[in-house]
$ cat target-v4.cif   # mmCIF, C-alpha atoms and all ligand atoms
data_start
#
loop_
_atom_site.label_atom_id
_atom_site.label_comp_id
_atom_site.auth_asym_id
_atom_site.auth_seq_id
_atom_site.Cartn_x
_atom_site.Cartn_y
_atom_site.Cartn_z
CA MET Y 1 13.34 -17.00 7.53
CA TYR Y 2 15.69 -19.89 7.77
CA GLN Y 3 18.63 -17.82 9.01
CA LYS Y 4 16.78 -16.09 11.79
CA GLN Y 5 14.50 -17.58 14.38
CA ALA Y 6 11.59 -16.39 12.32
CA TYR Y 7 8.90 -18.87 13.26
CA ARG Y 8 6.67 -17.34 15.80
CA SER Y 9 4.39 -20.25 16.41
CA GLY Y 10 4.73 -22.57 19.33
CA ARG Y 11 3.68 -19.86 21.75
CA SER Y 12 1.10 -20.58 24.32
CA GLY Y 13 -2.15 -18.70 24.58
CA GLN Y 14 -5.68 -19.85 23.93
CA ALA Y 15 -4.56 -23.44 24.28
CA LYS Y 16 -7.52 -25.67 23.83
CA GLY Y 17 -6.06 -29.06 24.55
CA PHE Y 18 -5.65 -31.83 22.10
CA ARG Y 19 -8.46 -32.28 19.66
CA ASN Y 20 -8.57 -35.97 19.17
CA ARG Y 21 -9.47 -36.73 15.61
CA ARG Y 22 -9.68 -40.42 16.09
CA PRO Y 23 -13.10 -41.87 16.86
CA GLN Y 24 -13.86 -41.25 20.50
CA HIS Y 25 -14.39 -44.20 22.79
CA LYS Y 26 -15.95 -42.66 25.82
CA GLY Y 27 -14.91 -44.28 29.06
CA ARG Y 28 -13.33 -47.31 27.52
CA GLN Y 29 -10.45 -48.19 25.27
CA PRO Y 30 -11.04 -49.73 21.88
CA LYS Y 31 -10.37 -53.43 21.95
CA LYS Y 32 -6.71 -54.26 21.62
CA ALA Y 33 -5.39 -56.67 19.05
CA TYR Y 34 -3.95 -59.82 20.60
CA ILE Y 35 -0.19 -59.90 20.23
CA HIS Y 36 1.65 -63.03 21.27
CA PRO Y 37 4.12 -62.22 24.08
CA SER Y 38 6.95 -63.79 22.08
CA LYS Y 39 6.68 -60.78 19.76
CA PHE Y 40 7.94 -58.60 22.62
CA ILE Y 41 11.16 -60.56 23.10
CA GLN Y 42 14.14 -60.07 20.83
CA GLY Y 43 17.80 -59.36 21.45
CA ALA Y 44 19.35 -56.28 19.91
CA LYS Y 45 21.51 -56.91 16.87
CA PRO Y 46 23.01 -53.52 16.13
CA ARG Y 47 24.51 -53.53 12.71
CA LEU Y 48 28.18 -53.05 12.35
CA GLU Y 49 29.23 -49.78 10.81
CA GLU Y 50 30.50 -51.51 7.69
CA ALA Y 51 27.34 -53.58 7.22
CA TYR Y 52 25.96 -50.93 4.92
CA THR Y 53 28.20 -49.15 2.47
CA PRO Y 54 26.40 -46.11 1.13
CA MET Y 55 26.62 -45.60 -2.62
CA HIS Y 56 26.89 -41.87 -2.13
CA SER Y 57 28.40 -39.39 0.25
CA PHE Y 58 26.51 -36.20 1.01
CA GLN Y 59 29.11 -34.41 -1.09
CA ASP Y 60 28.22 -36.57 -4.12
CA PHE Y 61 24.58 -35.59 -4.12
CA GLU Y 62 23.67 -32.83 -6.49
CA VAL Y 63 22.34 -30.63 -3.77
CA ASP Y 64 22.91 -26.98 -3.08
CA GLU Y 65 26.27 -26.24 -1.45
CA LEU Y 66 24.54 -24.48 1.42
CA ILE Y 67 22.72 -27.70 2.32
CA LYS Y 68 25.97 -29.66 2.17
CA ARG Y 69 27.63 -27.21 4.52
CA ASN Y 70 24.73 -27.35 6.95
CA LEU Y 71 24.80 -31.16 6.97
CA GLN Y 72 28.45 -31.01 7.86
CA VAL Y 73 27.75 -28.64 10.72
CA MET Y 74 25.02 -31.02 11.90
CA GLY Y 75 27.56 -33.84 12.01
CA PHE Y 76 25.95 -35.86 9.23
CA GLN Y 77 28.89 -37.60 7.57
CA ASP Y 78 27.51 -40.55 5.63
CA PRO Y 79 23.95 -40.94 4.45
CA SER Y 80 21.88 -43.60 6.18
CA PRO Y 81 20.50 -46.35 3.89
CA ILE Y 82 17.12 -44.64 3.41
CA GLN Y 83 18.86 -41.33 2.69
CA ASP Y 84 21.32 -42.98 0.32
CA GLN Y 85 18.54 -44.57 -1.68
CA ALA Y 86 15.76 -42.00 -1.50
CA ILE Y 87 17.58 -38.69 -1.97
CA PRO Y 88 18.65 -39.23 -5.63
CA HIS Y 89 15.03 -40.05 -6.60
CA GLY Y 90 13.79 -37.12 -4.57
CA LEU Y 91 16.17 -34.79 -6.39
CA ALA Y 92 15.01 -36.25 -9.71
CA GLY Y 93 11.44 -35.22 -8.91
CA LYS Y 94 10.03 -38.72 -8.37
CA ASN Y 95 7.19 -39.63 -6.03
CA ILE Y 96 8.60 -41.68 -3.19
CA LEU Y 97 7.20 -44.15 -0.72
CA GLY Y 98 10.01 -44.68 1.78
CA ILE Y 99 9.92 -47.34 4.45
CA ALA Y 100 12.75 -47.69 6.96
CA ASN Y 101 13.11 -48.65 10.60
CA THR Y 102 12.59 -46.09 13.33
CA GLY Y 103 15.52 -43.79 14.04
CA THR Y 104 17.27 -44.23 10.70
CA GLY Y 105 17.03 -40.68 9.36
CA LYS Y 106 13.81 -40.56 7.35
CA THR Y 107 13.36 -36.85 8.08
CA ALA Y 108 16.49 -35.80 6.21
CA ALA Y 109 15.66 -38.32 3.46
CA PHE Y 110 12.72 -36.14 2.44
CA ALA Y 111 13.90 -32.77 3.82
CA ILE Y 112 17.12 -32.66 1.77
CA PRO Y 113 15.46 -33.01 -1.66
CA VAL Y 114 12.53 -30.80 -0.65
CA LEU Y 115 14.79 -28.00 0.59
CA HIS Y 116 17.06 -28.34 -2.44
CA ARG Y 117 14.13 -27.88 -4.77
CA LEU Y 118 12.82 -24.95 -2.73
CA ILE Y 119 16.19 -23.23 -2.84
CA THR Y 120 16.92 -23.82 -6.52
CA GLU Y 121 13.44 -23.52 -8.06
CA PRO Y 122 11.64 -20.30 -7.15
CA THR Y 123 8.21 -21.58 -8.20
CA THR Y 124 8.20 -24.49 -5.77
CA LYS Y 125 6.32 -24.52 -2.51
CA ALA Y 126 6.16 -27.34 0.03
CA ILE Y 127 3.68 -28.65 2.54
CA ILE Y 128 4.78 -31.20 5.15
CA LEU Y 129 2.19 -32.99 7.27
CA ALA Y 130 2.78 -34.91 10.50
CA PRO Y 131 0.32 -36.63 12.82
CA THR Y 132 1.30 -34.87 16.04
CA ARG Y 133 2.23 -31.32 16.95
CA GLU Y 134 5.49 -32.36 18.57
CA LEU Y 135 6.56 -34.22 15.46
CA ALA Y 136 5.66 -31.25 13.24
CA GLU Y 137 7.81 -29.01 15.45
CA GLN Y 138 10.69 -31.44 15.30
CA ILE Y 139 10.54 -31.65 11.50
CA GLU Y 140 10.43 -27.88 11.32
CA GLN Y 141 13.55 -27.67 13.51
CA GLN Y 142 15.43 -30.12 11.31
CA CYS Y 143 14.36 -28.30 8.13
CA ARG Y 144 15.52 -25.07 9.66
CA GLN Y 145 18.95 -26.60 10.36
CA ILE Y 146 19.31 -28.11 6.89
CA GLY Y 147 18.08 -24.94 5.18
CA LYS Y 148 19.93 -22.49 7.41
CA GLY Y 149 21.04 -19.37 5.56
CA SER Y 150 18.74 -19.96 2.59
CA GLY Y 151 16.37 -17.16 3.52
CA LEU Y 152 13.35 -19.39 2.91
CA ASP Y 153 10.24 -18.37 4.78
CA GLY Y 154 8.23 -21.00 6.60
CA ALA Y 155 5.16 -21.41 8.78
CA LEU Y 156 4.50 -23.97 11.47
CA LEU Y 157 0.77 -24.59 11.68
CA ILE Y 158 -0.15 -26.77 14.65
CA GLY Y 159 -3.17 -26.91 16.89
CA GLY Y 160 -3.34 -25.80 20.51
CA THR Y 161 -1.32 -22.67 19.84
CA ALA Y 162 -2.49 -19.14 19.10
CA MET Y 163 -3.72 -18.33 15.60
CA GLY Y 164 -2.28 -14.80 15.58
CA PRO Y 165 1.40 -15.62 15.03
CA GLN Y 166 0.47 -18.25 12.44
CA LEU Y 167 -1.67 -15.74 10.53
CA ARG Y 168 1.24 -13.30 10.62
CA ASP Y 169 3.68 -15.91 9.27
CA LEU Y 170 1.22 -16.77 6.51
CA ARG Y 171 1.09 -13.15 5.34
CA TYR Y 172 4.74 -13.52 4.23
CA ASN Y 173 3.56 -16.18 1.77
CA PRO Y 174 5.94 -18.83 3.15
CA ARG Y 175 7.44 -21.39 0.77
CA ILE Y 176 7.39 -24.16 3.34
CA ILE Y 177 4.33 -25.05 5.40
CA ILE Y 178 4.72 -27.63 8.16
CA GLY Y 179 1.89 -28.74 10.39
CA THR Y 180 -0.79 -31.10 11.61
CA PRO Y 181 -3.83 -31.89 9.44
CA GLY Y 182 -6.45 -30.36 11.74
CA ARG Y 183 -4.93 -26.90 11.97
CA ILE Y 184 -4.00 -26.84 8.30
CA LYS Y 185 -7.58 -27.65 7.41
CA ASP Y 186 -8.74 -24.84 9.74
CA HIS Y 187 -6.53 -22.38 7.88
CA LEU Y 188 -7.81 -23.58 4.52
CA GLU Y 189 -11.39 -23.11 5.67
CA ARG Y 190 -10.68 -19.61 7.01
CA GLY Y 191 -9.01 -18.71 3.73
CA SER Y 192 -5.77 -17.80 5.49
CA LEU Y 193 -3.81 -20.52 3.71
CA LYS Y 194 -3.64 -21.24 0.00
CA ILE Y 195 -1.89 -24.38 -1.08
CA SER Y 196 -2.92 -24.62 -4.72
CA ASP Y 197 0.68 -23.76 -5.60
CA CYS Y 198 2.17 -26.40 -3.26
CA ASN Y 199 3.92 -28.79 -5.61
CA LEU Y 200 6.00 -30.62 -3.00
CA VAL Y 201 3.96 -32.65 -0.54
CA VAL Y 202 5.28 -34.74 2.35
CA LEU Y 203 3.31 -37.06 4.59
CA ASP Y 204 5.51 -38.20 7.45
CA GLU Y 205 4.26 -41.24 9.39
CA VAL Y 206 1.95 -41.72 6.46
CA ASP Y 207 0.13 -44.79 7.79
CA ARG Y 208 -0.84 -42.96 10.95
CA MET Y 209 -1.95 -40.02 8.84
CA LEU Y 210 -4.15 -42.19 6.69
CA ASP Y 211 -5.74 -44.18 9.43
CA MET Y 212 -9.40 -43.83 10.24
CA GLY Y 213 -9.42 -40.43 11.88
CA PHE Y 214 -7.22 -38.55 9.46
CA VAL Y 215 -8.00 -39.86 6.01
CA HIS Y 216 -10.72 -37.30 5.25
CA ASP Y 217 -8.60 -34.37 6.36
CA ILE Y 218 -5.68 -35.61 4.32
CA THR Y 219 -7.78 -36.19 1.21
CA HIS Y 220 -9.20 -32.70 1.64
CA ILE Y 221 -5.76 -31.14 1.99
CA LEU Y 222 -4.17 -33.09 -0.87
CA SER Y 223 -7.02 -32.19 -3.19
CA HIS Y 224 -6.16 -28.52 -2.64
CA THR Y 225 -2.48 -28.90 -3.56
CA ASN Y 226 -1.05 -28.55 -7.03
CA GLY Y 227 -2.01 -31.40 -9.37
CA ALA Y 228 1.54 -31.65 -10.71
CA ARG Y 229 3.01 -32.32 -7.29
CA GLN Y 230 5.90 -34.45 -6.17
CA SER Y 231 4.88 -36.55 -3.17
CA PHE Y 232 6.93 -38.07 -0.38
CA TYR Y 233 5.41 -40.67 1.93
CA PHE Y 234 7.49 -41.99 4.81
CA SER Y 235 6.97 -44.36 7.72
CA ALA Y 236 8.44 -47.36 9.51
CA THR Y 237 5.22 -49.32 9.07
CA LEU Y 238 2.73 -49.69 6.26
CA ASP Y 239 -0.14 -52.03 5.62
CA ALA Y 240 -1.69 -53.02 2.31
CA ARG Y 241 -4.72 -50.80 2.84
CA VAL Y 242 -2.60 -47.69 3.24
CA LYS Y 243 -0.47 -48.65 0.26
CA GLY Y 244 -3.65 -48.72 -1.83
CA ILE Y 245 -4.64 -45.24 -0.67
CA ILE Y 246 -1.20 -43.88 -1.53
CA GLU Y 247 -1.35 -45.28 -5.01
CA ASN Y 248 -4.62 -43.44 -5.48
CA PHE Y 249 -3.02 -40.19 -4.41
CA SER Y 250 0.02 -40.26 -6.67
CA GLU Y 251 1.23 -41.88 -9.83
CA ASN Y 252 3.82 -44.64 -9.73
CA PRO Y 253 5.52 -43.82 -6.47
CA ILE Y 254 8.96 -45.42 -6.23
CA HIS Y 255 8.94 -47.86 -3.34
CA ILE Y 256 12.09 -47.78 -1.28
CA SER Y 257 12.16 -50.17 1.61
CA VAL Y 258 15.29 -50.60 3.67
CA LYS Y 259 13.74 -52.30 6.63
CA SER Y 260 15.79 -55.01 8.26
CA GLY Y 261 12.89 -56.42 10.25
CA ASP Y 262 9.70 -55.24 11.88
CA THR Y 263 11.47 -53.49 14.71
CA SER Y 264 14.69 -51.53 14.92
CA ASP Y 265 17.78 -53.75 15.20
CA ASN Y 266 19.12 -51.50 17.91
CA VAL Y 267 16.44 -52.23 20.48
CA ASP Y 268 16.80 -55.06 22.96
CA GLN Y 269 13.27 -56.24 23.73
CA ASN Y 270 11.99 -58.22 26.66
CA ILE Y 271 8.91 -58.75 28.81
CA VAL Y 272 8.28 -58.17 32.50
CA THR Y 273 5.72 -60.47 34.03
CA HIS Y 274 3.75 -59.17 36.97
CA ASN Y 275 0.58 -59.71 38.91
CA VAL Y 276 -1.91 -57.01 39.82
CA ALA Y 277 -0.34 -56.37 43.22
CA ASP Y 278 3.32 -55.99 42.25
CA LYS Y 279 3.10 -54.11 38.95
CA LEU Y 280 4.18 -50.72 40.30
CA ASP Y 281 6.96 -52.22 42.40
CA LYS Y 282 8.35 -53.99 39.36
CA LEU Y 283 8.36 -50.69 37.52
CA HIS Y 284 10.05 -49.03 40.49
CA ASP Y 285 12.80 -51.67 40.44
CA ILE Y 286 13.50 -51.02 36.78
CA LEU Y 287 13.57 -47.26 37.20
CA ILE Y 288 15.99 -47.25 40.16
CA ASP Y 289 18.50 -49.35 38.24
CA GLU Y 290 21.39 -47.09 37.32
CA THR Y 291 21.43 -48.20 33.69
CA THR Y 292 17.95 -46.75 33.31
CA ALA Y 293 19.02 -43.22 32.51
CA LYS Y 294 16.09 -41.84 30.53
CA THR Y 295 12.80 -43.62 30.15
CA ILE Y 296 9.54 -43.20 28.34
CA ILE Y 297 6.64 -45.18 29.79
CA PHE Y 298 3.53 -45.75 27.69
CA ASP Y 299 0.13 -46.16 29.27
CA ASP Y 300 -3.41 -46.14 27.90
CA THR Y 301 -5.31 -42.99 28.78
CA HIS Y 302 -4.83 -39.42 29.95
CA ARG Y 303 -6.07 -40.47 33.34
CA THR Y 304 -3.81 -43.51 33.83
CA VAL Y 305 -0.81 -41.58 32.51
CA GLU Y 306 -1.45 -38.68 34.86
CA ARG Y 307 -1.92 -40.99 37.83
CA LEU Y 308 1.22 -43.01 37.14
CA SER Y 309 3.35 -39.92 36.65
CA LYS Y 310 2.13 -38.46 39.98
CA GLU Y 311 2.77 -41.77 41.74
CA LEU Y 312 6.31 -41.95 40.37
CA ALA Y 313 7.01 -38.34 41.29
CA ALA Y 314 5.78 -39.08 44.81
CA ARG Y 315 8.27 -41.94 44.93
CA GLY Y 316 11.06 -39.50 44.17
CA PHE Y 317 11.55 -40.05 40.44
CA LEU Y 318 12.01 -37.07 38.12
CA ALA Y 319 8.76 -37.94 36.39
CA ASP Y 320 6.28 -35.96 34.33
CA SER Y 321 3.68 -36.72 31.73
CA ILE Y 322 2.60 -35.89 28.19
CA HIS Y 323 -0.86 -36.60 26.83
CA GLY Y 324 -3.68 -35.02 24.90
CA GLY Y 325 -5.41 -33.71 28.00
CA LYS Y 326 -2.64 -31.16 28.57
CA THR Y 327 -2.42 -27.78 26.92
CA GLN Y 328 0.09 -27.41 24.13
CA SER Y 329 2.32 -25.16 26.22
CA GLN Y 330 2.38 -27.78 28.99
CA ARG Y 331 3.25 -30.45 26.45
CA GLN Y 332 6.04 -28.32 25.03
CA ARG Y 333 7.45 -27.55 28.45
CA VAL Y 334 7.52 -31.21 29.51
CA LEU Y 335 9.17 -32.35 26.29
CA LYS Y 336 11.81 -29.66 26.65
CA LYS Y 337 12.55 -30.77 30.22
CA PHE Y 338 12.74 -34.38 29.08
CA LYS Y 339 15.24 -33.44 26.37
CA SER Y 340 17.38 -31.50 28.84
CA SER Y 341 17.12 -34.37 31.39
CA GLU Y 342 15.39 -32.25 33.99
CA VAL Y 343 12.71 -34.92 33.60
CA LYS Y 344 14.08 -38.45 33.36
CA VAL Y 345 10.88 -40.46 33.31
CA LEU Y 346 8.25 -39.39 30.83
CA VAL Y 347 4.88 -41.10 31.13
CA ALA Y 348 2.95 -40.80 27.88
CA THR Y 349 -0.01 -41.86 25.81
CA ASP Y 350 0.57 -42.84 22.19
CA VAL Y 351 0.67 -39.14 21.34
CA ALA Y 352 4.42 -39.55 21.94
CA ALA Y 353 4.75 -42.86 20.09
CA ARG Y 354 5.34 -41.51 16.61
CA GLY Y 355 8.48 -39.95 15.27
CA LEU Y 356 9.82 -38.20 18.37
CA ASP Y 357 13.58 -38.05 18.37
CA VAL Y 358 15.11 -37.67 21.83
CA SER Y 359 18.54 -39.09 21.26
CA ASP Y 360 19.41 -40.38 24.74
CA ILE Y 361 16.28 -42.34 25.71
CA THR Y 362 17.67 -45.59 27.12
CA HIS Y 363 14.41 -47.40 27.92
CA VAL Y 364 10.90 -47.65 26.54
CA ILE Y 365 8.45 -49.32 28.88
CA ASN Y 366 5.05 -50.53 27.76
CA TYR Y 367 3.27 -50.37 31.08
CA SER Y 368 0.12 -51.24 29.20
CA LEU Y 369 0.00 -53.17 25.96
CA PRO Y 370 -0.16 -51.22 22.71
CA GLN Y 371 -3.31 -51.37 20.58
CA THR Y 372 -1.58 -53.01 17.64
CA TYR Y 373 1.80 -54.45 16.79
CA ASP Y 374 2.54 -51.44 14.58
CA ASP Y 375 1.90 -49.19 17.57
CA TYR Y 376 4.41 -51.34 19.46
CA VAL Y 377 7.00 -50.89 16.70
CA HIS Y 378 6.67 -47.10 16.90
CA ARG Y 379 6.62 -46.94 20.70
CA ILE Y 380 9.86 -48.89 21.09
CA GLY Y 381 11.38 -46.95 18.20
CA ARG Y 382 11.75 -43.97 20.59
CA THR Y 383 14.94 -45.66 21.78
CA GLY Y 384 17.87 -47.16 19.87
CA ARG Y 385 18.02 -44.19 17.50
CA ALA Y 386 20.82 -43.07 15.18
CA GLY Y 387 22.95 -46.15 15.85
CA ARG Y 388 22.59 -46.25 19.65
CA VAL Y 389 21.35 -49.32 21.53
CA GLY Y 390 18.20 -49.12 23.65
CA TYR Y 391 15.93 -51.33 25.74
CA ALA Y 392 12.23 -52.03 25.47
CA LEU Y 393 10.31 -53.74 28.26
CA THR Y 394 6.69 -54.80 27.96
CA PHE Y 395 4.60 -55.52 31.03
CA ILE Y 396 2.51 -58.68 30.83
CA GLU Y 397 0.19 -59.91 33.51
CA LYS Y 398 0.93 -63.42 34.70
P1 LIG Y 401 13.32 -41.59 11.64
O1 LIG Y 401 12.41 -40.54 11.06
O2 LIG Y 401 13.76 -42.60 10.64
O3 LIG Y 401 12.77 -42.23 12.87
P2 LIG Y 401 15.01 -39.30 12.26
O4 LIG Y 401 14.91 -38.60 10.96
O5 LIG Y 401 14.20 -38.73 13.39
O6 LIG Y 401 14.65 -40.85 12.10
O7 LIG Y 401 16.55 -39.37 12.64
C1 LIG Y 401 16.98 -40.01 13.82
C2 LIG Y 401 18.25 -39.33 14.35
O8 LIG Y 401 19.35 -39.59 13.50
C3 LIG Y 401 18.11 -37.82 14.42
O9 LIG Y 401 18.64 -37.40 15.65
C4 LIG Y 401 18.95 -37.34 13.27
O10 LIG Y 401 19.49 -36.06 13.53
C5 LIG Y 401 20.02 -38.38 13.15
N1 LIG Y 401 20.52 -38.57 11.78
C6 LIG Y 401 19.78 -38.68 10.66
N2 LIG Y 401 20.55 -38.87 9.58
C7 LIG Y 401 21.83 -38.87 9.99
C8 LIG Y 401 23.10 -39.03 9.34
N3 LIG Y 401 23.18 -39.22 8.03
N4 LIG Y 401 24.21 -38.99 10.11
C9 LIG Y 401 24.11 -38.80 11.44
N5 LIG Y 401 22.96 -38.65 12.13
C10 LIG Y 401 21.81 -38.69 11.43
MG MG Y 402 10.52 -39.86 11.49
#
$ encode --input "target-v4.cif" --output "structure tokens"
Amino acid sequence: MYQKQAYRSGRSGQAKGFRNRRPQHKGRQPKKAYIHPSKFIQGAKPRLEEAYTPMHSFQDFEVDELIKRNLQVMGFQDPSPIQDQAIPHGLAGKNILGIANTGTGKTAAFAIPVLHRLITEPTTKAIILAPTRELAEQIEQQCRQIGKGSGLDGALLIGGTAMGPQLRDLRYNPRIIIGTPGRIKDHLERGSLKISDCNLVVLDEVDRMLDMGFVHDITHILSHTNGARQSFYFSATLDARVKGIIENFSENPIHISVKSGDTSDNVDQNIVTHNVADKLDKLHDILIDETTAKTIIFDDTHRTVERLSKELAARGFLADSIHGGKTQSQRQRVLKKFKSSEVKVLVATDVAARGLDVSDITHVINYSLPQTYDDYVHRIGRTGRAGRVGYALTFIEK
């Protein structure tokens, strides 16, 4: 229930490691798209507070008083642009395709209307899908905060954690299901989850969800939801192909785009040139600088991430790693330590590139180049969130 800590998932136990649903490329990385180095250089241009004047305040929205109170407690004073523009349509029951830069509050832009409808209409039921387990957990936490005191029951269905607690949560017939596509599909196949009455559907990071590896799972899941559903699709990036798929899934979605540019305005971007011999030393120099308070470093594979994190720890940095080769309980533990600053340098694969909101990350370092420019946009979007300024550095071999 949303007033008690009722979710029981997230426990360890029979952790099986990350089941990668993207095509496997054994022993080698898929070919990377060429991105011109100039695309990795751009000064930050944080917008002045007054640059955007919201049309609404949270108090103006026709949302349940309980939600308004919770938003106040959370310190949300004015809606961000995507919230300002998407929430009224969401409350009016419209399908929404919302595009906004990283770190600008997309979660609450869908969570507020979804929770309002759940609270005020007893026949509604919601399913929220996210591409990674950590992101699903984070969305669940934010929904719990916004819906605190409502008594709504929920279930968090993510892979790598024990089935037992999830099955128990499902027996309460929760009104809000949050999870990753793989585990949700598992529950559907076992018959432990019924979503034919889900009439509110959210796909967060929709382009990632609809890329090669996920599209079948998503189609399968959506086809089991209620035909008369209201859909919410959100991301910071979207290509034409994905737009086409979305239009197939739902009628006339309202497009709301409040992007200022490809990348967040709050991230100062630059490159670091190196040669093979001095790459690690260059990284070391950046990390010992006192302005580098909390860093996430992206590298290609489980193996390279693990090796780099060990090397940095051996050099005395508070470093640890997150990648799909770890058990879910290890992943959860590391992320928790990173949030509490017990770990200050997190080395990660792209499993951490999407959606994660750790407010005080000062630096994102691309120790290896991202696969695509969109991947770059998401990686560097882990810093410069909620109005703060952050730094992104991309390593390029001379
Ligand atoms: P996005 O999904 O666009 O990347 P998030 O939803 O993760 O962004 O939000 C980024 C951060 O901003 C979170 O820490 C969130 O709590 C905070 N936030 C969102 N909306 C507001 C608001 N209206 N006022 C203050 N903080 C906000
Ligand atoms: Mg998000």
$ residues_near_ligand --input "target-v4.cif" --ligand "ligand LIG 401 (chain Y)" --cutoff "8 Å" --atoms "all atoms listed in the file" --output "count of residues only"
31
$ closest_residue --input "target-v4.cif" --among "Y:Gly98, Y:Gly390, Y:Gly90, Y:Pro37" --to "Lys243 (chain Y)" --atoms "all atoms listed in the file"
Y:Gly98
$ residues_around --input "target-v4.cif" --residues "Val347 (chain Y)" --least-positions-apart "3" --cutoff "7 Å" --atoms "all atoms listed in the file" --output "MDAnalysis selection string"
chainID Y and resid 296:298 305 309 320:322
$ atom_distance --input "target-v4.cif" --atom1 "CA of Leu188 (chain Y)" --atom2 "CA of Pro113 (chain Y)"
25.9 Å
$ closest_residue --input "target-v4.cif" --among "Y:Asp239, Y:Asp217, Y:Glu290, Y:Glu342" --to "Ala319 (chain Y)" --atoms "all atoms listed in the file"
Y:Glu342
$ closest_residue --input "target-v4.cif" --among "Y:Ser38, Y:Thr349, Y:Thr237, Y:Ser223" --to "ligand MG 402 (chain Y)" --atoms "all atoms listed in the file"
Y:Thr237
$ residues_near_point --input "target-v4.cif" --point "(0.2, -29.3, 33.8)" --cutoff "12 Å" --atoms "only C-alpha atoms" --output "ChimeraX atom specification"
/Y:17,302,306,309-310,320-334
$ atom_distance --input "target-v4.cif" --atom1 "CA of Leu203 (chain Y)" --atom2 "CA of Ser231 (chain Y)"
7.9 Å
$ axis_aligned_box --input "target-v4.cif" --around "region 373-381 of chain Y" --padding-each-side "5 Å" --output "JSON"
{"center_x": 6.6, "center_y": -50.7, "center_z": 17.8, "size_x": 19.6, "size_y": 17.5, "size_z": 16.5}
$ closest_residue --input "target-v4.cif" --among "Y:Gly316, Y:Leu71, Y:Val272, Y:Gly93" --to "Lys398 (chain Y)" --atoms "all atoms listed in the file"
Y:Val272
$ closest_residue --input "target-v4.cif" --among "Y:Asn199, Y:Ser368, Y:Asn270, Y:Gln72" --to "Leu308 (chain Y)" --atoms "all atoms listed in the file"
Y:Ser368
$ closest_residue --input "target-v4.cif" --among "Y:Phe317, Y:Tyr233, Y:Tyr391, Y:Tyr376" --to "ligand MG 402 (chain Y)" --atoms "only C-alpha atoms and all ligand atoms"
Y:Tyr233
$ atom_distance --input "target-v4.cif" --atom1 "CA of Leu152 (chain Y)" --atom2 "CA of Leu115 (chain Y)"
9.0 Å
$ residues_around --input "target-v4.cif" --residues "Tyr367 (chain Y)" --least-positions-apart "5" --cutoff "9 Å" --atoms "all atoms listed in the file" --output "mmCIF file with C-alpha atoms, in the frame of the given file"
data_model
loop_
_atom_site.group_PDB
_atom_site.id
_atom_site.type_symbol
_atom_site.label_atom_id
_atom_site.label_comp_id
_atom_site.auth_asym_id
_atom_site.auth_seq_id
_atom_site.Cartn_x
_atom_site.Cartn_y
_atom_site.Cartn_z
ATOM 1 C CA LYS Y 279 3.100 -54.110 38.950
ATOM 2 C CA LEU Y 283 8.360 -50.690 37.520
ATOM 3 C CA ILE Y 297 6.640 -45.180 29.790
ATOM 4 C CA PHE Y 298 3.530 -45.750 27.690
ATOM 5 C CA ASP Y 299 0.130 -46.160 29.270
ATOM 6 C CA ASP Y 300 -3.410 -46.140 27.900
ATOM 7 C CA LEU Y 393 10.310 -53.740 28.260
ATOM 8 C CA THR Y 394 6.690 -54.800 27.960
ATOM 9 C CA PHE Y 395 4.600 -55.520 31.030
ATOM 10 C CA ILE Y 396 2.510 -58.680 30.830
#
